[in-house]
Amino acid sequence: MPIHSDFDWNEFSHYWQIQKDSTYLNHGSFGPSPLVVQEKRKELLAELEAQPMEFLIRTTPLLMAEATQALAAFLNCERDNIAFVPNATEGMNIVAKNVELIAGDEVLITDHEYGSVLRIWKNKCRQTGAVTTLARLPKTLDTTEEVVEAIFAAVTEKTKVIVVSHITSATAVILPVKEICDRAKKQKIIVVIDGPHAPLHVDVNLRSIDPDFYCASTHKWLSAPMGTGLLYVRSRHKQGLQPNALSWGRSLQGDTPSWTDEFHWPGTFDPSGYLSIPTAINFFKKIGLKRFREQTHALARYARSRLLEFTTREPLSIDSDQWYGSMITVPFDPGLAPDLRPGEPHPLQKWLATEHGFEVPVFDWHGEWYLRVSCHLYNSPEQIDRLIDLLRAWTQKI
Ligand SMILES: Cc1ncc(COP(=O)(O)O)c(C=O)c1O
């Protein structure tokens, strides 16, 4: 498939400083910040070091309020429903710690969920006598109804919580979270959305989705500094929400109490990452959110079509921007699958990274091999073409 678009693929790449010998097709794992965000963070850190009392005690609370306001507007929710957390993992741990479960309750998780999220909920279930149950999604995602039905077919009268990704990690598919929340509400089931890939990647409208909890990382697609994320909490769950590590739980300068006090003074910390989030939001707004989504989806679609040339296996979804955005996972058999230690990359992934500077995850998902490509504004069709050439060379080599 030729790439049908007239984007100037190099228009925005100079806003980043990706290492010259690296072809970075893995924004989905760790998203580098554009230079403007890095500069903002440096400025804030310099201010902190120049007068820590002034910056941490008197300035930070005001800037945190502005930053949460900017993020809430971006995600279409009230400022008072979100708290900053260092990443989606921390947010998910907070939710699991606070949700009340008793023996016999069920926590329903789909078969596309992230490994550490599954671990967090299995741990919670071990502590409470609850159990996790599994909803298997269709092999190739096609209609919203089929996906929602696959989840609710696994619901029983004991299901208390549904944990579901907005955009999945390994399979990179966008799940119909609004429809899931709407149906769960009727059955009084709490929905926890694992959304670290979603902000910017897709339009996250929390007022419309209306989940109980939404955990996200702003250091992925939104490209804010590493160590920044958010926890959205529906109003009725806010009161008394406990953090993972207790600190003062109140303002250090006598501000009006808020549920976010438990999270916004986690002990002495570096707030510069959170305070740089508005710069990241403004950066992408200037480029245009529509432009970002159209350009990166066009590239992901191109990568998908080229990668599918290598396989006769079925794709994970039909070809539609309903099911994937800027990141695509495609079946790919890399051969040579020796016994790998947990977490150890496949030899193909190592070869791409160390011999050719290409960062592309190659992994086993439920016993079959896949390859995931993330497309951001610094990526181009030429990079995809080079990846295809390398994969062809690899398949001829093995
Ligand atoms: C679906 C999903 N959930 C949770 C996480 C954890 O995100 P973080 O490492 O930012 O906490 C990831 C990370 O890739 C993910 O893909």
# chains A, B, ... in the order shown; residues from 1 in each chain; ligands from 1

call {"tool": "closest_atom_pairs", "arguments": {"of": "chain A", "to": "ligand 1", "cutoff": "7 Å", "atoms": "only C-alpha atoms and all ligand atoms", "output": "JSON lines"}}
result
{"residue": "A:Gly28", "atom": "CA", "partner": "ligand 1", "partner_atom_place_in_ligand_line": "14 (O)", "distance": 6.7}
{"residue": "A:Ser29", "atom": "CA", "partner": "ligand 1", "partner_atom_place_in_ligand_line": "14 (O)", "distance": 5.1}
{"residue": "A:Asn87", "atom": "CA", "partner": "ligand 1", "partner_atom_place_in_ligand_line": "11 (O)", "distance": 4.2}
{"residue": "A:Ala88", "atom": "CA", "partner": "ligand 1", "partner_atom_place_in_ligand_line": "11 (O)", "distance": 3.9}
{"residue": "A:Thr89", "atom": "CA", "partner": "ligand 1", "partner_atom_place_in_ligand_line": "11 (O)", "distance": 3.7}
{"residue": "A:Glu90", "atom": "CA", "partner": "ligand 1", "partner_atom_place_in_ligand_line": "11 (O)", "distance": 6.5}
{"residue": "A:Glu113", "atom": "CA", "partner": "ligand 1", "partner_atom_place_in_ligand_line": "1 (C)", "distance": 6.3}
{"residue": "A:Tyr114", "atom": "CA", "partner": "ligand 1", "partner_atom_place_in_ligand_line": "1 (C)", "distance": 4.9}
{"residue": "A:Val117", "atom": "CA", "partner": "ligand 1", "partner_atom_place_in_ligand_line": "4 (C)", "distance": 6.4}
{"residue": "A:Ser165", "atom": "CA", "partner": "ligand 1", "partner_atom_place_in_ligand_line": "1 (C)", "distance": 5.7}
{"residue": "A:Ile167", "atom": "CA", "partner": "ligand 1", "partner_atom_place_in_ligand_line": "1 (C)", "distance": 6.4}
{"residue": "A:Thr168", "atom": "CA", "partner": "ligand 1", "partner_atom_place_in_ligand_line": "1 (C)", "distance": 4.7}
{"residue": "A:Ser169", "atom": "CA", "partner": "ligand 1", "partner_atom_place_in_ligand_line": "16 (O)", "distance": 3.8}
{"residue": "A:Asp194", "atom": "CA", "partner": "ligand 1", "partner_atom_place_in_ligand_line": "3 (N)", "distance": 5.5}
{"residue": "A:Gly195", "atom": "CA", "partner": "ligand 1", "partner_atom_place_in_ligand_line": "1 (C)", "distance": 6.4}
{"residue": "A:Pro196", "atom": "CA", "partner": "ligand 1", "partner_atom_place_in_ligand_line": "2 (C)", "distance": 5.7}
{"residue": "A:His197", "atom": "CA", "partner": "ligand 1", "partner_atom_place_in_ligand_line": "16 (O)", "distance": 6.4}
{"residue": "A:Ser217", "atom": "CA", "partner": "ligand 1", "partner_atom_place_in_ligand_line": "10 (O)", "distance": 4.9}
{"residue": "A:His219", "atom": "CA", "partner": "ligand 1", "partner_atom_place_in_ligand_line": "10 (O)", "distance": 6.9}

call {"tool": "write_last_selection", "arguments": {"atoms": "C-alpha atoms", "output": "PDB file, in the first residue's frame"}}
result
ATOM      1  CA  GLY A  28       4.449   3.756  23.291  1.00  0.00           C
ATOM      2  CA  SER A  29       6.959   2.450  25.834  1.00  0.00           C
ATOM      3  CA  ASN A  87       2.577   7.133  36.506  1.00  0.00           C
ATOM      4  CA  ALA A  88      -0.395   4.926  35.686  1.00  0.00           C
ATOM      5  CA  THR A  89       1.072   2.117  37.793  1.00  0.00           C
ATOM      6  CA  GLU A  90       0.949   4.242  40.942  1.00  0.00           C
ATOM      7  CA  GLU A 113      -4.503  -6.146  29.974  1.00  0.00           C
ATOM      8  CA  TYR A 114      -1.002  -5.079  30.997  1.00  0.00           C
ATOM      9  CA  VAL A 117      -1.983  -4.307  36.221  1.00  0.00           C
ATOM     10  CA  SER A 165      -7.445  -0.508  29.070  1.00  0.00           C
ATOM     11  CA  ILE A 167      -5.604   1.546  24.592  1.00  0.00           C
ATOM     12  CA  THR A 168      -3.994  -1.824  25.248  1.00  0.00           C
ATOM     13  CA  SER A 169      -0.266  -2.246  25.620  1.00  0.00           C
ATOM     14  CA  ASP A 194      -6.035   1.813  32.507  1.00  0.00           C
ATOM     15  CA  GLY A 195      -5.325   4.683  30.160  1.00  0.00           C
ATOM     16  CA  PRO A 196      -1.612   5.513  29.966  1.00  0.00           C
ATOM     17  CA  HIS A 197      -1.571   5.401  26.150  1.00  0.00           C
ATOM     18  CA  SER A 217       0.648   8.469  32.258  1.00  0.00           C
ATOM     19  CA  HIS A 219       4.919  10.759  29.885  1.00  0.00           C
TER      20      HIS A 219
END

call {"tool": "residues_around", "arguments": {"residues": "Leu275 of chain A", "least_positions_apart": "6", "cutoff": "12 Å", "atoms": "only C-alpha atoms", "output": "VMD selection string"}}
result
chain A and resid 37 to 38 40 to 45 48 55 to 56 59 to 71 84 218 224 to 225 227 to 229 264 281

call {"tool": "residues_around", "arguments": {"residues": "Gly249 of chain A", "least_positions_apart": "4", "cutoff": "8 Å", "atoms": "only C-alpha atoms", "output": "JSON, numbers by chain"}}
result
{"A": [261, 262, 263, 265]}

call {"tool": "write_last_selection", "arguments": {"atoms": "C-alpha atoms", "output": "short mmCIF file (atom, residue, chain, number, x, y, z; two decimals), in the first residue's frame"}}
result
data_model
loop_
_atom_site.label_atom_id
_atom_site.label_comp_id
_atom_site.auth_asym_id
_atom_site.auth_seq_id
_atom_site.Cartn_x
_atom_site.Cartn_y
_atom_site.Cartn_z
CA ASP A 261 -3.66 16.88 49.56
CA GLU A 262 -2.88 13.18 50.12
CA PHE A 263 -1.27 13.05 46.67
CA TRP A 265 2.55 16.54 48.95
#

call {"tool": "residues_around", "arguments": {"residues": "Asn81 of chain A", "least_positions_apart": "6", "cutoff": "12 Å", "atoms": "only C-alpha atoms", "output": "list in words"}}
result
Thr68, Gln69, Leu71, Ala72, Ala73, Leu75, Leu206, Arg207, Asp210, Pro211, Asp212, Phe213, Tyr214, Cys215, Leu230, Leu231, Tyr232, Val233, Arg234, Ser235, Arg236, His237, Lys238, Gln239, Leu241, Ser258, Trp259 and Thr260 of chain A

call {"tool": "write_last_selection", "arguments": {"atoms": "C-alpha atoms", "output": "compact mmCIF listing (two decimals), in the first residue's frame"}}
result
# COMPACT_ATOMS: atom_id res chain seq x y z
CA THR A 68 -4.26 20.34 37.05
CA GLN A 69 -6.66 22.89 35.55
CA LEU A 71 -4.87 18.86 32.27
CA ALA A 72 -8.51 18.67 33.37
CA ALA A 73 -9.54 20.96 30.49
CA LEU A 75 -9.32 15.63 29.36
CA LEU A 206 -13.82 11.93 30.85
CA ARG A 207 -17.14 13.72 31.21
CA ASP A 210 -17.60 8.83 33.13
CA PRO A 211 -15.53 5.98 34.63
CA ASP A 212 -15.14 5.40 38.36
CA PHE A 213 -11.37 5.69 38.08
CA TYR A 214 -9.02 6.47 35.19
CA CYS A 215 -5.25 5.96 35.53
CA LEU A 230 -2.79 11.32 36.69
CA LEU A 231 -5.51 9.62 38.60
CA TYR A 232 -9.10 10.62 37.79
CA VAL A 233 -11.58 9.79 40.54
CA ARG A 234 -15.36 10.07 40.20
CA SER A 235 -16.66 12.45 42.88
CA ARG A 236 -18.31 9.85 45.09
CA HIS A 237 -14.98 7.97 45.51
CA LYS A 238 -12.83 11.00 46.36
CA GLN A 239 -13.40 11.37 50.09
CA LEU A 241 -8.93 8.11 49.25
CA SER A 258 -8.77 18.95 49.44
CA TRP A 259 -8.75 15.19 48.79
CA THR A 260 -5.74 15.81 46.52

call {"tool": "select_by_dssp", "arguments": {"residues": "segment 229-328 of chain A", "states": "alpha helix (DSSP H)", "output": "number ranges by chain"}}
result
A: 235-238, 261-264, 272-275, 277-287, 289-307

call {"tool": "closest_residue", "arguments": {"among": "A:Gly31, A:Ile3, A:Gly240, A:Ile94", "to": "Tyr378 of chain A", "atoms": "only C-alpha atoms"}}
result
A:Gly31

call {"tool": "closest_atom_pairs", "arguments": {"of": "segment 185-292 of chain A", "to": "segment 305-328 of chain A", "cutoff": "10 Å", "atoms": "only C-alpha atoms", "output": "tab-separated table"}}
result
residue	atom	partner	partner_atom	distance
A:His197	CA	A:Met327	CA	9.4
A:Ala198	CA	A:Gly325	CA	9.5
A:Leu200	CA	A:Ser326	CA	10.0
A:His201	CA	A:Ser326	CA	6.5
A:Val202	CA	A:Gly325	CA	7.1
A:Trp221	CA	A:Ser326	CA	9.1
A:Phe292	CA	A:Ser326	CA	9.0

call {"tool": "write_last_selection", "arguments": {"atoms": "N, CA and C atoms", "output": "PDB file, in the first residue's frame"}}
result
ATOM      1  N   HIS A 197      -1.849   5.087  27.560  1.00  0.00           N
ATOM      2  CA  HIS A 197      -1.571   5.401  26.150  1.00  0.00           C
ATOM      3  C   HIS A 197      -2.544   6.411  25.563  1.00  0.00           C
ATOM      4  N   ALA A 198      -3.610   6.750  26.306  1.00  0.00           N
ATOM      5  CA  ALA A 198      -4.690   7.465  25.637  1.00  0.00           C
ATOM      6  C   ALA A 198      -4.518   8.987  25.508  1.00  0.00           C
ATOM      7  N   LEU A 200      -3.809  12.416  24.364  1.00  0.00           N
ATOM      8  CA  LEU A 200      -3.298  12.896  23.085  1.00  0.00           C
ATOM      9  C   LEU A 200      -3.524  11.889  21.950  1.00  0.00           C
ATOM     10  N   HIS A 201      -3.132  10.632  22.206  1.00  0.00           N
ATOM     11  CA  HIS A 201      -3.275   9.570  21.190  1.00  0.00           C
ATOM     12  C   HIS A 201      -4.723   9.580  20.656  1.00  0.00           C
ATOM     13  N   VAL A 202      -5.686   9.623  21.587  1.00  0.00           N
ATOM     14  CA  VAL A 202      -7.096   9.758  21.216  1.00  0.00           C
ATOM     15  C   VAL A 202      -7.707  10.874  22.059  1.00  0.00           C
ATOM     16  N   TRP A 221       2.241   9.339  25.277  1.00  0.00           N
ATOM     17  CA  TRP A 221       1.993  10.062  24.025  1.00  0.00           C
ATOM     18  C   TRP A 221       2.004  11.570  24.190  1.00  0.00           C
ATOM     19  N   PHE A 292      -2.075  15.964  14.605  1.00  0.00           N
ATOM     20  CA  PHE A 292      -1.283  14.901  15.256  1.00  0.00           C
ATOM     21  C   PHE A 292      -1.920  13.534  14.982  1.00  0.00           C
TER      22      PHE A 292
END

call {"tool": "residues_around", "arguments": {"residues": "Val36 of chain A", "least_positions_apart": "6", "cutoff": "12 Å", "atoms": "only C-alpha atoms", "output": "PyMOL selection string"}}
result
chain A and resi 14-17+42-43+223-225+276-284

call {"tool": "residues_around", "arguments": {"residues": "segment 141-153 of chain A", "least_positions_apart": "3", "cutoff": "12 Å", "atoms": "only C-alpha atoms", "output": "MDAnalysis selection string"}}
result
chainID A and resid 107:112 133:138 156:157 159 161:164 171:184 186:187 189 191 314:324

call {"tool": "atom_distance", "arguments": {"atom1": "atom CA of Asp80 of chain A", "atom2": "atom CA of Thr256 of chain A"}}
result
12.7 Å

call {"tool": "select_by_dssp", "arguments": {"residues": "segment 90-224 of chain A", "states": "strand (DSSP E or B)", "output": "PyMOL selection string"}}
result
chain A and resi 106-110+131-135+141+159-165+167+174+190-194+199+202+213-217

call {"tool": "atom_distance", "arguments": {"atom1": "atom CA of Ile193 of chain A", "atom2": "atom CA of Gln242 of chain A"}}
result
18.6 Å

call {"tool": "residues_around", "arguments": {"residues": "Leu377 of chain A", "least_positions_apart": "5", "cutoff": "12 Å", "atoms": "only C-alpha atoms", "output": "ChimeraX atom specification"}}
result
/A:7-16,18,24-25,27,31-34,201,221-223,284,287-289,291-300,326

call {"tool": "write_last_selection", "arguments": {"atoms": "C-alpha atoms", "output": "PDB file, in the first residue's frame"}}
result
ATOM      1  CA  PHE A   7       1.929  15.456   5.095  1.00  0.00           C
ATOM      2  CA  ASP A   8       5.342  17.002   5.309  1.00  0.00           C
ATOM      3  CA  TRP A   9       6.763  14.202   7.437  1.00  0.00           C
ATOM      4  CA  ASN A  10       9.720  16.289   8.549  1.00  0.00           C
ATOM      5  CA  GLU A  11       7.711  19.326   9.589  1.00  0.00           C
ATOM      6  CA  PHE A  12       7.834  18.596  13.320  1.00  0.00           C
ATOM      7  CA  SER A  13      10.759  16.221  13.850  1.00  0.00           C
ATOM      8  CA  HIS A  14      13.177  19.049  14.723  1.00  0.00           C
ATOM      9  CA  TYR A  15      11.153  19.749  17.881  1.00  0.00           C
ATOM     10  CA  TRP A  16      12.709  16.588  19.317  1.00  0.00           C
ATOM     11  CA  ILE A  18      16.333  11.941  19.109  1.00  0.00           C
ATOM     12  CA  TYR A  24      12.833   5.462  17.610  1.00  0.00           C
ATOM     13  CA  LEU A  25       9.610   3.596  16.841  1.00  0.00           C
ATOM     14  CA  HIS A  27       7.058   6.096  21.819  1.00  0.00           C
ATOM     15  CA  GLY A  31       7.853   8.928  25.039  1.00  0.00           C
ATOM     16  CA  PRO A  32      10.675  11.443  24.696  1.00  0.00           C
ATOM     17  CA  SER A  33       9.667  15.067  25.368  1.00  0.00           C
ATOM     18  CA  PRO A  34      10.000  17.787  22.746  1.00  0.00           C
ATOM     19  CA  HIS A 201      -3.275   9.570  21.190  1.00  0.00           C
ATOM     20  CA  TRP A 221       1.993  10.062  24.025  1.00  0.00           C
ATOM     21  CA  LEU A 222       1.534  13.504  25.549  1.00  0.00           C
ATOM     22  CA  SER A 223       5.339  13.642  25.908  1.00  0.00           C
ATOM     23  CA  PHE A 284       0.418  19.832  20.708  1.00  0.00           C
ATOM     24  CA  ILE A 287       0.410  21.797  16.067  1.00  0.00           C
ATOM     25  CA  GLY A 288      -3.238  20.766  16.167  1.00  0.00           C
ATOM     26  CA  LEU A 289      -4.620  17.662  17.859  1.00  0.00           C
ATOM     27  CA  ARG A 291      -3.164  17.017  12.682  1.00  0.00           C
ATOM     28  CA  PHE A 292      -1.283  14.901  15.256  1.00  0.00           C
ATOM     29  CA  ARG A 293      -3.885  12.133  15.125  1.00  0.00           C
ATOM     30  CA  GLU A 294      -4.271  12.110  11.340  1.00  0.00           C
ATOM     31  CA  GLN A 295      -0.552  12.128  10.599  1.00  0.00           C
ATOM     32  CA  THR A 296       0.435   9.475  13.141  1.00  0.00           C
ATOM     33  CA  HIS A 297      -2.528   7.267  12.227  1.00  0.00           C
ATOM     34  CA  ALA A 298      -1.658   7.481   8.524  1.00  0.00           C
ATOM     35  CA  LEU A 299       1.844   6.320   9.379  1.00  0.00           C
ATOM     36  CA  ALA A 300       0.636   3.521  11.670  1.00  0.00           C
ATOM     37  CA  SER A 326      -0.828   5.996  16.337  1.00  0.00           C
TER      38      SER A 326
END

call {"tool": "closest_residue", "arguments": {"among": "A:Leu35, A:Ala353, A:Ala154, A:Ala216", "to": "Ala83 of chain A", "atoms": "only C-alpha atoms"}}
result
A:Ala216

call {"tool": "atom_distance", "arguments": {"atom1": "atom CA of Lys160 of chain A", "atom2": "atom CA of Ser116 of chain A"}}
result
20.1 Å
